[in-house]
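Asker: I have a structure here, written as structure tokens, and I will follow up with some questions on it.
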Amino acid sequence: MGVYNRAPLAVERGEGVRLWDEDGREYLDCVAGIATNGLGHCHPKLVATLKEQGEKLWHTSNIFRIPGQEKLATRLCEETFADVVFFTNSGTEAIECALKTARKYHTANGNPERVVIYGFDGSFHGRSYAAINAAGNPGYVEGFGPRLENYSQLKWGDHEAIKAAIADPTTAAIIVEPVQGEGGARAMPEVCLRGLRQLTREHGVLVIFDEVQCGMGRTGKLFAHEWAEDAAPDIMCVAKALGGGFPVGACLASAEAAKGMTVGVHGSTFGGNPLAMAVGLTAFNEIAKEETLQHVREVAGYFVQQLSGLADRFPDVISEIRGKGLLIGLKLIPNNREFMGIARDQGLLVAGGGDNLVRLLPSLLITQEEAREAVTKLEQACEVVRAKATA
């Protein structure tokens, strides 16, 4: 199907933060599979793990115990608020699990009328049907028939509307990205995250954090909500960097929030297969190291400092810098799609985003020298844009 607006670039191989096309041209990759290759391309430990597991066992389905699932679930629970985990093939499937878990929780508590799910404008929770309705953004729901009932959208920063929604006795859950990805690289202020969590506790509403893109070390902590004290959710979705490029996702929950998810109410054929679990465990253990997270904080600080200088030199191109850690958004004055092509011509790959942004989502292991190289290429792209505008 013609659903992708692909760049004219045929990728042949990758290593670390570099990609090479079929003609041998080298690119500095600040897309990383849209934040998925958290440890870069072909990380030696991930390659070794995949080879080892590939010679042992690929698939059994979930009618048997899968030891690798138990090991990765244990690690995820050790490092988070969660007590239980459900493994999926993708982030959007993790979102589906989270939405079902939230409604089942209220049914199990004798409150089946609590069905309304609130999302936020600018959110992106994946492409499955419930996920696009949970985000509620017109570009993703229009043309697919009537919207699902009992999904509503809140405006980012409209505190009064948020308070009213949480206090409504039919509300089941609020779903939010602590740092929006595709929608515009907006980071929810830490005080707002704490306030949201406090209000939901008072009214018995569950909080679902979508950390598919902003989690797994991307902001310099293992998960983005950890920047806000006492803001742990009831349910959290992760994916992307969890597999380092291998398809895997997970829905994490407290035992209380998952009380309605009993035998037979949900499942997956491929979710949590041995290959995904082996790679996921290796990737998680590497990213969860304090030295990895410290590296992200240091490089991200340097990156943003350099980008701020670039924005000062090119106010006719870059109007704002957003995001957190190595989820960096540059709000542009020229068309972002056109800018992506110009950056590509300079040997730099960047991702698009809502609100006319381009996003920088490099490997978490990008060095300061490589970050400097990215800024230099961005500067060259800005000069091309300026020259075109004044020609």
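Letters for chains follow the order of the structure tokens (A, B, ...), residue numbers begin at 1 for each chain, and ligand numbers begin at 1 in the order shown.
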I'd like the contact shell of stretch 73-87 of chain A - 7 Å cut-off, only C-alpha atoms, skipping same-chain residues fewer than 6 positions apart - returned as a PDB file with N, CA and C atoms, in the first residue's frame.

Answerer:
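Produced file selection-v5.pdb, reproduced below:
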```pdb
ATOM      1  N   ALA A 232       4.852   8.135  39.330  1.00  0.00           N
ATOM      2  CA  ALA A 232       4.778   6.833  38.669  1.00  0.00           C
ATOM      3  C   ALA A 232       3.340   6.527  38.257  1.00  0.00           C
ATOM      4  N   GLY A 249       7.408  -4.936  22.262  1.00  0.00           N
ATOM      5  CA  GLY A 249       6.797  -3.911  23.095  1.00  0.00           C
ATOM      6  C   GLY A 249       6.363  -4.537  24.402  1.00  0.00           C
ATOM      7  N   ALA A 250       5.983  -3.701  25.346  1.00  0.00           N
ATOM      8  CA  ALA A 250       5.554  -4.232  26.642  1.00  0.00           C
ATOM      9  C   ALA A 250       4.581  -3.263  27.300  1.00  0.00           C
ATOM     10  N   CYS A 251       3.586  -3.840  27.940  1.00  0.00           N
ATOM     11  CA  CYS A 251       2.657  -3.073  28.769  1.00  0.00           C
ATOM     12  C   CYS A 251       2.931  -3.450  30.213  1.00  0.00           C
ATOM     13  N   LEU A 252       3.377  -2.470  30.984  1.00  0.00           N
ATOM     14  CA  LEU A 252       3.703  -2.690  32.388  1.00  0.00           C
ATOM     15  C   LEU A 252       2.558  -2.155  33.247  1.00  0.00           C
ATOM     16  N   ALA A 253       2.295  -2.826  34.366  1.00  0.00           N
ATOM     17  CA  ALA A 253       1.207  -2.357  35.222  1.00  0.00           C
ATOM     18  C   ALA A 253       1.470  -2.751  36.667  1.00  0.00           C
ATOM     19  N   SER A 254       0.845  -2.002  37.552  1.00  0.00           N
ATOM     20  CA  SER A 254       0.836  -2.430  38.952  1.00  0.00           C
ATOM     21  C   SER A 254      -0.125  -3.615  39.068  1.00  0.00           C
ATOM     22  N   ALA A 255       0.048  -4.414  40.112  1.00  0.00           N
ATOM     23  CA  ALA A 255      -0.838  -5.564  40.310  1.00  0.00           C
ATOM     24  C   ALA A 255      -2.281  -5.104  40.472  1.00  0.00           C
ATOM     25  N   GLY A 271       3.877 -12.165  20.521  1.00  0.00           N
ATOM     26  CA  GLY A 271       4.380 -11.302  21.574  1.00  0.00           C
ATOM     27  C   GLY A 271       5.227 -12.052  22.584  1.00  0.00           C
ATOM     28  N   GLY A 272       6.399 -11.500  22.869  1.00  0.00           N
ATOM     29  CA  GLY A 272       7.269 -12.106  23.873  1.00  0.00           C
ATOM     30  C   GLY A 272       7.963 -13.362  23.406  1.00  0.00           C
TER      31      GLY A 272
END
```

Asker: Neighbouring residues of stretch 216-220 of chain A were defined as those with any atom within 9 Å, considering only C-alpha atoms; residues of the same chain fewer than 5 positions away were excluded. Please report them as a PDB file with N, CA and C atoms, in the first residue's frame.

Answerer:
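Resulting contents of result.pdb:
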```pdb
ATOM      1  N   ALA A  35      13.963   6.502  16.935  1.00  0.00           N
ATOM      2  CA  ALA A  35      14.305   6.281  18.350  1.00  0.00           C
ATOM      3  C   ALA A  35      14.317   4.805  18.745  1.00  0.00           C
ATOM      4  N   GLY A  38      18.233   2.290  19.937  1.00  0.00           N
ATOM      5  CA  GLY A  38      18.747   3.062  21.063  1.00  0.00           C
ATOM      6  C   GLY A  38      20.233   2.891  21.273  1.00  0.00           C
ATOM      7  N   VAL A 179       6.896  13.097  27.392  1.00  0.00           N
ATOM      8  CA  VAL A 179       7.475  13.958  26.358  1.00  0.00           C
ATOM      9  C   VAL A 179       6.883  13.502  25.028  1.00  0.00           C
ATOM     10  N   GLU A 211       5.447   5.645  27.064  1.00  0.00           N
ATOM     11  CA  GLU A 211       6.896   5.910  27.003  1.00  0.00           C
ATOM     12  C   GLU A 211       7.529   5.105  25.876  1.00  0.00           C
ATOM     13  N   TRP A 227      11.697  11.971  35.961  1.00  0.00           N
ATOM     14  CA  TRP A 227      12.150  13.327  36.276  1.00  0.00           C
ATOM     15  C   TRP A 227      11.200  14.007  37.265  1.00  0.00           C
ATOM     16  N   VAL A 238       5.968   0.573  26.762  1.00  0.00           N
ATOM     17  CA  VAL A 238       7.317   0.775  26.238  1.00  0.00           C
ATOM     18  C   VAL A 238       7.475  -0.070  24.983  1.00  0.00           C
ATOM     19  N   ALA A 239       8.417   0.304  24.150  1.00  0.00           N
ATOM     20  CA  ALA A 239       8.723  -0.450  22.928  1.00  0.00           C
ATOM     21  C   ALA A 239      10.002   0.158  22.362  1.00  0.00           C
ATOM     22  N   LYS A 240      10.054   0.329  21.034  1.00  0.00           N
ATOM     23  CA  LYS A 240      11.187   0.949  20.341  1.00  0.00           C
ATOM     24  C   LYS A 240      12.540   0.473  20.906  1.00  0.00           C
ATOM     25  N   ALA A 241      13.208   1.296  21.713  1.00  0.00           N
ATOM     26  CA  ALA A 241      14.563   0.953  22.160  1.00  0.00           C
ATOM     27  C   ALA A 241      14.602  -0.297  23.032  1.00  0.00           C
ATOM     28  N   LEU A 242      13.450  -0.756  23.504  1.00  0.00           N
ATOM     29  CA  LEU A 242      13.431  -1.975  24.318  1.00  0.00           C
ATOM     30  C   LEU A 242      14.056  -3.135  23.552  1.00  0.00           C
ATOM     31  N   PHE A 284      17.975  -3.892  27.339  1.00  0.00           N
ATOM     32  CA  PHE A 284      17.549  -3.242  28.579  1.00  0.00           C
ATOM     33  C   PHE A 284      18.705  -3.144  29.568  1.00  0.00           C
ATOM     34  N   ILE A 287      21.043  -0.322  28.490  1.00  0.00           N
ATOM     35  CA  ILE A 287      20.490   1.031  28.637  1.00  0.00           C
ATOM     36  C   ILE A 287      20.299   1.400  30.098  1.00  0.00           C
ATOM     37  N   ALA A 288      19.952   0.423  30.930  1.00  0.00           N
ATOM     38  CA  ALA A 288      19.675   0.710  32.348  1.00  0.00           C
ATOM     39  C   ALA A 288      20.923   1.037  33.154  1.00  0.00           C
ATOM     40  N   THR A 292      25.344   4.628  31.030  1.00  0.00           N
ATOM     41  CA  THR A 292      24.646   4.946  29.780  1.00  0.00           C
ATOM     42  C   THR A 292      23.770   6.173  29.974  1.00  0.00           C
ATOM     43  N   LEU A 293      23.013   6.196  31.068  1.00  0.00           N
ATOM     44  CA  LEU A 293      22.095   7.313  31.326  1.00  0.00           C
ATOM     45  C   LEU A 293      22.867   8.611  31.555  1.00  0.00           C
ATOM     46  N   GLN A 294      23.989   8.516  32.271  1.00  0.00           N
ATOM     47  CA  GLN A 294      24.821   9.703  32.489  1.00  0.00           C
ATOM     48  C   GLN A 294      25.367  10.228  31.164  1.00  0.00           C
ATOM     49  N   HIS A 295      25.751   9.306  30.300  1.00  0.00           N
ATOM     50  CA  HIS A 295      26.249   9.700  28.974  1.00  0.00           C
ATOM     51  C   HIS A 295      25.164  10.458  28.204  1.00  0.00           C
ATOM     52  N   VAL A 296      23.935   9.965  28.252  1.00  0.00           N
ATOM     53  CA  VAL A 296      22.833  10.643  27.557  1.00  0.00           C
ATOM     54  C   VAL A 296      22.673  12.067  28.088  1.00  0.00           C
ATOM     55  N   ARG A 297      22.691  12.212  29.403  1.00  0.00           N
ATOM     56  CA  ARG A 297      22.509  13.554  29.993  1.00  0.00           C
ATOM     57  C   ARG A 297      23.628  14.498  29.545  1.00  0.00           C
ATOM     58  N   GLU A 298      24.854  14.004  29.535  1.00  0.00           N
ATOM     59  CA  GLU A 298      25.986  14.868  29.176  1.00  0.00           C
ATOM     60  C   GLU A 298      25.945  15.258  27.696  1.00  0.00           C
ATOM     61  N   ALA A 300      23.391  15.135  25.655  1.00  0.00           N
ATOM     62  CA  ALA A 300      22.190  15.926  25.360  1.00  0.00           C
ATOM     63  C   ALA A 300      22.396  17.382  25.771  1.00  0.00           C
ATOM     64  N   GLY A 323      11.837  19.596  23.575  1.00  0.00           N
ATOM     65  CA  GLY A 323      12.134  18.211  23.886  1.00  0.00           C
ATOM     66  C   GLY A 323      12.863  18.042  25.193  1.00  0.00           C
ATOM     67  N   LYS A 324      13.427  16.854  25.388  1.00  0.00           N
ATOM     68  CA  LYS A 324      14.142  16.538  26.611  1.00  0.00           C
ATOM     69  C   LYS A 324      15.179  15.464  26.288  1.00  0.00           C
ATOM     70  N   GLY A 325      16.380  15.601  26.839  1.00  0.00           N
ATOM     71  CA  GLY A 325      17.426  14.621  26.584  1.00  0.00           C
ATOM     72  C   GLY A 325      17.750  14.546  25.108  1.00  0.00           C
ATOM     73  N   LEU A 326      17.798  13.332  24.589  1.00  0.00           N
ATOM     74  CA  LEU A 326      18.092  13.118  23.173  1.00  0.00           C
ATOM     75  C   LEU A 326      16.816  12.910  22.364  1.00  0.00           C
ATOM     76  N   LEU A 327      15.729  13.466  22.821  1.00  0.00           N
ATOM     77  CA  LEU A 327      14.503  13.629  22.028  1.00  0.00           C
ATOM     78  C   LEU A 327      14.381  15.132  21.800  1.00  0.00           C
ATOM     79  N   LEU A 361      16.847  12.168  17.000  1.00  0.00           N
ATOM     80  CA  LEU A 361      16.635  11.019  17.879  1.00  0.00           C
ATOM     81  C   LEU A 361      17.793  10.039  17.713  1.00  0.00           C
ATOM     82  N   SER A 363      21.221   7.593  18.348  1.00  0.00           N
ATOM     83  CA  SER A 363      21.590   6.545  19.299  1.00  0.00           C
ATOM     84  C   SER A 363      21.923   7.173  20.649  1.00  0.00           C
ATOM     85  N   LEU A 364      21.574   6.490  21.710  1.00  0.00           N
ATOM     86  CA  LEU A 364      21.905   6.978  23.056  1.00  0.00           C
ATOM     87  C   LEU A 364      23.417   7.010  23.270  1.00  0.00           C
TER      88      LEU A 364
END
```

Asker: To one decimal in Å, tell me the separation between atom CA of A:Ala167 and atom CA of A:Glu113.

Answerer: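 Computing the Euclidean distance for atom CA of A:Ala167 and atom CA of A:Glu113 yields 13.9 Å.
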
Asker: Leaving out A:Tyr129 and any residue of its chain fewer than 3 positions from it, which residues lie within 10 Å of it when counting only C-alpha atoms, given as a list of chain:residue names?

Answerer: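 The residues satisfying every condition are A:Thr92, A:Glu96, A:Gly126, A:Ile132, A:Asn133, A:Ala134, A:Tyr140, A:Val141, A:Phe144, A:Arg147, A:Leu148.
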
Asker: So the first atom is atom CA of A:Gly119 and the second is atom CA of A:Ile174; what is the distance between them in Å, to one decimal place?

Answerer: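 If I compute the distance from atom CA of A:Gly119 to atom CA of A:Ile174, I get 6.1 Å.
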
Asker: Can you list, as a PyMOL selection string, all residues belonging to stretch 33-159 of chain A that DSSP tags as helix (DSSP H, G or I)?

Answerer: chain A and resi 33-35+44-54+67-79+91-108+129-135+138-141+159

Asker: For each of A:Val17, A:Ala228, A:Val31, A:Met188, take the minimum atom-to-atom distance to A:Gly353, counting only C-alpha atoms, then give the residue where this is smallest.

Answerer: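 The answer is A:Val31, which sits nearest to A:Gly353.
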
Asker: Tell me, in Å to one decimal, how far atom CA of A:Tyr105 is from atom CA of A:Ala258.

Answerer: 6.4 Å

Asker: Could you find all residues in stretch 139-234 of chain A that DSSP calls strand (DSSP E) from the backbone, and write them as a PyMOL selection string?

Answerer: chain A and resi 151-154+171-176+206-210

Asker: Using only C-alpha atoms, which residue out of A:Ala351, A:Gly139, A:Asp121, A:Ile342 lies closest to A:Lys155?

Answerer: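 That would be A:Asp121, the residue with the smallest distance to A:Lys155.
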
Asker: Pick out the residues sitting within 9 Å of A:Glu15, and hand them over as number ranges by chain; count only C-alpha atoms, and ignore anything fewer than 3 positions along from it in its own chain.

Answerer: A: 18-20, 40-43

Asker: How would the residues just chosen look if you wrote them out with C-alpha atoms as a CSV table (one decimal), in the first residue's frame?

Answerer:
```csv
chain,number,residue,atom,x,y,z
A,18,ARG,CA,26.3,5.7,10.7
A,19,LEU,CA,24.2,4.4,7.7
A,20,TRP,CA,25.4,3.7,4.2
A,40,GLY,CA,22.9,2.4,17.5
A,41,HIS,CA,23.1,0.1,14.5
A,42,CYS,CA,24.5,-3.5,14.9
A,43,HIS,CA,25.6,-3.1,18.5
```

Asker: Measuring between only C-alpha atoms, which one of A:Ser268, A:Thr200, A:Thr282, A:Ser123 shows the shortest distance to A:Val176?

Answerer: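 Looking at the shortest contact to A:Val176, the residue is A:Ser123.
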
Asker: Near A:Lys71, within 10 Å and counting only C-alpha atoms, which residues show up once chain neighbours fewer than 5 positions away are dropped, as a PyMOL selection string?

Answerer: chain A and resi 66+76+277-278+281

Asker: Please provide as a list in words all residues within 7 Å of stretch 99-102 of chain A, with the sequence filter that same-chain residues fewer than 4 positions apart are discarded (counting only C-alpha atoms).

Answerer: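 Close residues of stretch 99-102 of chain A: Ile95, His106, Ala172, Ala173, Leu206, Ala257, Ala258, Gly260 and Met261 of chain A.
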